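A.B. asks: Would you mind keeping the following structure in view while I ask a few things?
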Amino acid sequence: MNGSESKSLAVIGGAASSKLRDAIFPVYGRNEIIKFLLLGSMKFFIIMVLTLTRDTKDTLIVTQCGAEAIAFLKIYGVLPSAVAFTAIYSKASNILSKQALFYSTCIPFFIFFLAYDFLIRPNISFLEPSVETVKSIIGSSTSDVIANFVAEIYSSVSIGILFWKTANDLVSPKEAQRFYPLFAYTSGFGPILAGQYVARYASLAPNFDGSIRRLTAAITLSGVMILFLNHSVTNYVAANESASTKNASKGKDGGAVKKSKPKMTAGESVKFLASSQYLRCLATLVISYGLMYNFTEISWKSLLKKKYPDALDYQRFMGNFSSIVGASTFAVIFCGSNLIKHLGWRIGSAATPLVMATVSIPFFIMLIFMDLSNPTILGQAVSVGTALILLSRSFKYGMFDATTQMAYIPLDEESKVKGKAAIDVLGSRLGKSGASFVQQGLVLAFGNIINAAPVIGILYYSIAASWLSAVYTLGRL
């Protein structure tokens with residue numbers, strides 16, 4: 001082999017290596033890598049807390065009250081709490097700096113989780129003298145219900161505001177095209193570790209109180225890391241990217257330099273959301289996912305309650321399920337990042353509703369046409385429902401979150417802060433609570449959620465059509 005042939009092979013090998021790097025980890029230069037790792041690590045710990053608190057609240061409510069109680073709690077507790085949070089956050093965003101707003105949003109959640117374990121649960125008989133009466137009415141203690149509310153609000157705030165608001169402030173549009181699909185990797189690692197922590201450690205405690213104590217330790221440590229990483233990445237970007245450099249890079253990448261708008265009140269923020277077609281379409285995406293996911297989730301959890309009536313058994317199943325969600329997210333990320341890169345935002349955004357609509361077909365068939373009182377069929381229905389919820393969550397983390405957050409980047413600062421808070425918190429809750437409201441009415445009409453499956457199926461596919469229409473409209477704006 002002569003020298004020219006060796007050089008040609010080296011060039012070919014280098015080009016192949018570069019293409020592989022572009023497909024797997026398209027982050028370049030020391031500054032980009034450090035920024036990405038700090039933000040990715042912050043998202044990892046945010047997802048850790050999200051997984052731990054979600055599995056705990058599900059165990060608290062489903063095993064004590066039944067899955068149908070979720071609909072009641074979301075309508076009469078979670079939705080008003082989300083409205084109150086959105087108003088407070090919108091007001092605080094007019095007063096506080098970005099970092100102070102982050103801390104004031106994040107810290108109260110972790111204070112509550114500590115207080116719930118160390119102060120509220122040990123003194124529940126003192127704090128709730130009529131706890132047995134309360135349980136006889138709502139199936140659970142007031143403290144457990146409040147813990148469910150806080151965990152539900154955190155699930156909306158954590159990704160949409162704590163992480164994506166920070167990322168949108170620090171990542172340029174050019175970086176976002178490469179960073180955002182990769183951020184979903186941390187959405188996969190988080191549930192894997194958190195799920196195994198629940199399944200192999202927390203759920204093996206002598207009793208459920210011991211399990212809560214073990215969960216609180218992991219939640220608190222993760223909270224400390226979230227605060228540390230936010231502080232680190234904010235200071236790092238401030239030290240390495242001057243305002244003029246950042247604005248120049250955004251102009252070069254094709255993004256307009258954003259002009260600030262006068263501050264709006266909470267009421268004006270909602271009016272602004274209603275008057276903007278772009279934000280209305282974004283809200284349709286978020287609300288549609290909430291509606292479709294919750295229409296199937298409550299039915300699935302109703303089946304799970306029948307199969308796993310014990311709290312620790314149920315918690316163990318949910319922990320393993322969360323780990324499987326994390327693992328499957330990686331496959332979605334790898335396909336999704338390349339799908340967005342090569343076929344564009346519109347195709348990537350349409351993937352989630354198309355997959356959910358397709359995989360839900362066998363689940364609805366089993367709910368409507370098969371005898372679920374048979375243990376074998378019940379087990380099969382649980383497996384099919386688990387596959388549906390698994391893919392729904394995996395595509396949310398691997399595709400839906402990335403494509404939805406990319407759509408916020410062209411917006412000005414005022415639209416990002418106020419519109420995003422309204423969509424991610426209030427919009428998300430409207431989707432979930434809207435589904436709960438409908439299902440509560442269906443339970444009253446049909447006796448239980450399983451009997452109402454035919455009506456739920458019709459609503460489910462109608463919403464999928466609206467979701468796809470909003471994606472098409474956004475792609476044209």
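Within each chain, counting starts at residue 1; across the structure tokens, chains are named A, B, ... in the order shown, with ligands numbered 1 upward in that order.
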Might you pull out every residue within 10 Å of Leu37 (chain A), with only C-alpha atoms counted and same-chain residues fewer than 3 positions away left off, and present them as a list in words?
C.D. replies: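 The residues satisfying every condition are Glu32, Ile33, Ile34, Gly40, Ser41, Met42, Lys43, Phe183, Thr186, Leu229 and Val233 of chain A.
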A.B. asks: Let me make sure I understand: among A:Val417, A:Ala331, A:Ile212, A:Leu193, which one has the smallest atom-to-atom distance to Ala92 (chain A) if we use only C-alpha atoms?
C.D. replies: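 Checking each candidate against Ala92 (chain A), we get A:Val417 as the closest.
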A.B. asks: Considering only C-alpha atoms, state which residue in the set A:Ser211, A:Asn240, A:Ser392, A:Ser222 is at the smallest distance from Cys106 (chain A).
C.D. replies: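 Of all the options, A:Ser222 lies closest to Cys106 (chain A).
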A.B. asks: Determine the nearest neighbour of Ile333 (chain A) from the options A:Arg316, A:Lys301, A:Lys396, A:Lys91, counting only C-alpha atoms.
C.D. replies: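 For Ile333 (chain A), the nearest of the given residues is A:Lys396.
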A.B. asks: Contacts of Lys165 (chain A) at 10 Å or less, counting only C-alpha atoms, minus same-chain residues fewer than 3 places along, as a VMD selection string?
C.D. replies: chain A and resid 98 102 158 to 162 168 to 170 405 408 416 to 417 420 to 421
A.B. asks: Give the answer as one residue: which of A:Arg476, A:Lys432, A:Arg200, A:Arg121 has the shortest atom-to-atom distance to Met318 (chain A), using only C-alpha atoms?
C.D. replies: A:Arg200
A.B. asks: Do you have, as a tab-separated table, the list of residues of region 296-392 of chain A lying at most 12 Å from region 440-449 of chain A, each with its nearest atom pair and that distance in Å to one decimal, counting only C-alpha atoms and ordered by chain then number?
C.D. replies:
residue	atom	partner	partner_atom	distance
A:Thr296	CA	A:Ile449	CA	10.0
A:Glu297	CA	A:Ile449	CA	10.9
A:Ile298	CA	A:Ile449	CA	7.9
A:Ser299	CA	A:Ile449	CA	6.3
A:Trp300	CA	A:Ile449	CA	9.9
A:Lys301	CA	A:Ile449	CA	10.5
A:Ser302	CA	A:Ile449	CA	8.0
A:Leu303	CA	A:Ile449	CA	10.2
A:Leu367	CA	A:Ile449	CA	9.8
A:Ile368	CA	A:Ile449	CA	11.1
A.B. asks: Which residue is closest to Phe330 (chain A)? Choose from A:Ala151, A:Ile75, A:Ile192, A:Val49 and count only C-alpha atoms.
C.D. replies: A:Ile192
A.B. asks: In Å to one decimal, how far is CA of Val224 (chain A) from CA of Leu312 (chain A)?
C.D. replies: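 Here the two named atoms are 27.2 Å from each other.
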A.B. asks: I'd like the interatomic distance between CA of Thr63 (chain A) and CA of Tyr314 (chain A), to a tenth of an Å.
C.D. replies: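 Those two atoms sit 7.6 Å apart.
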A.B. asks: Would you please work out which residue, of A:Tyr472, A:Tyr185, A:Phe400, A:Phe295, is nearest to Tyr460 (chain A) when using only C-alpha atoms?
C.D. replies: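 Counting only C-alpha atoms, the residue closest to Tyr460 (chain A) is A:Phe295.
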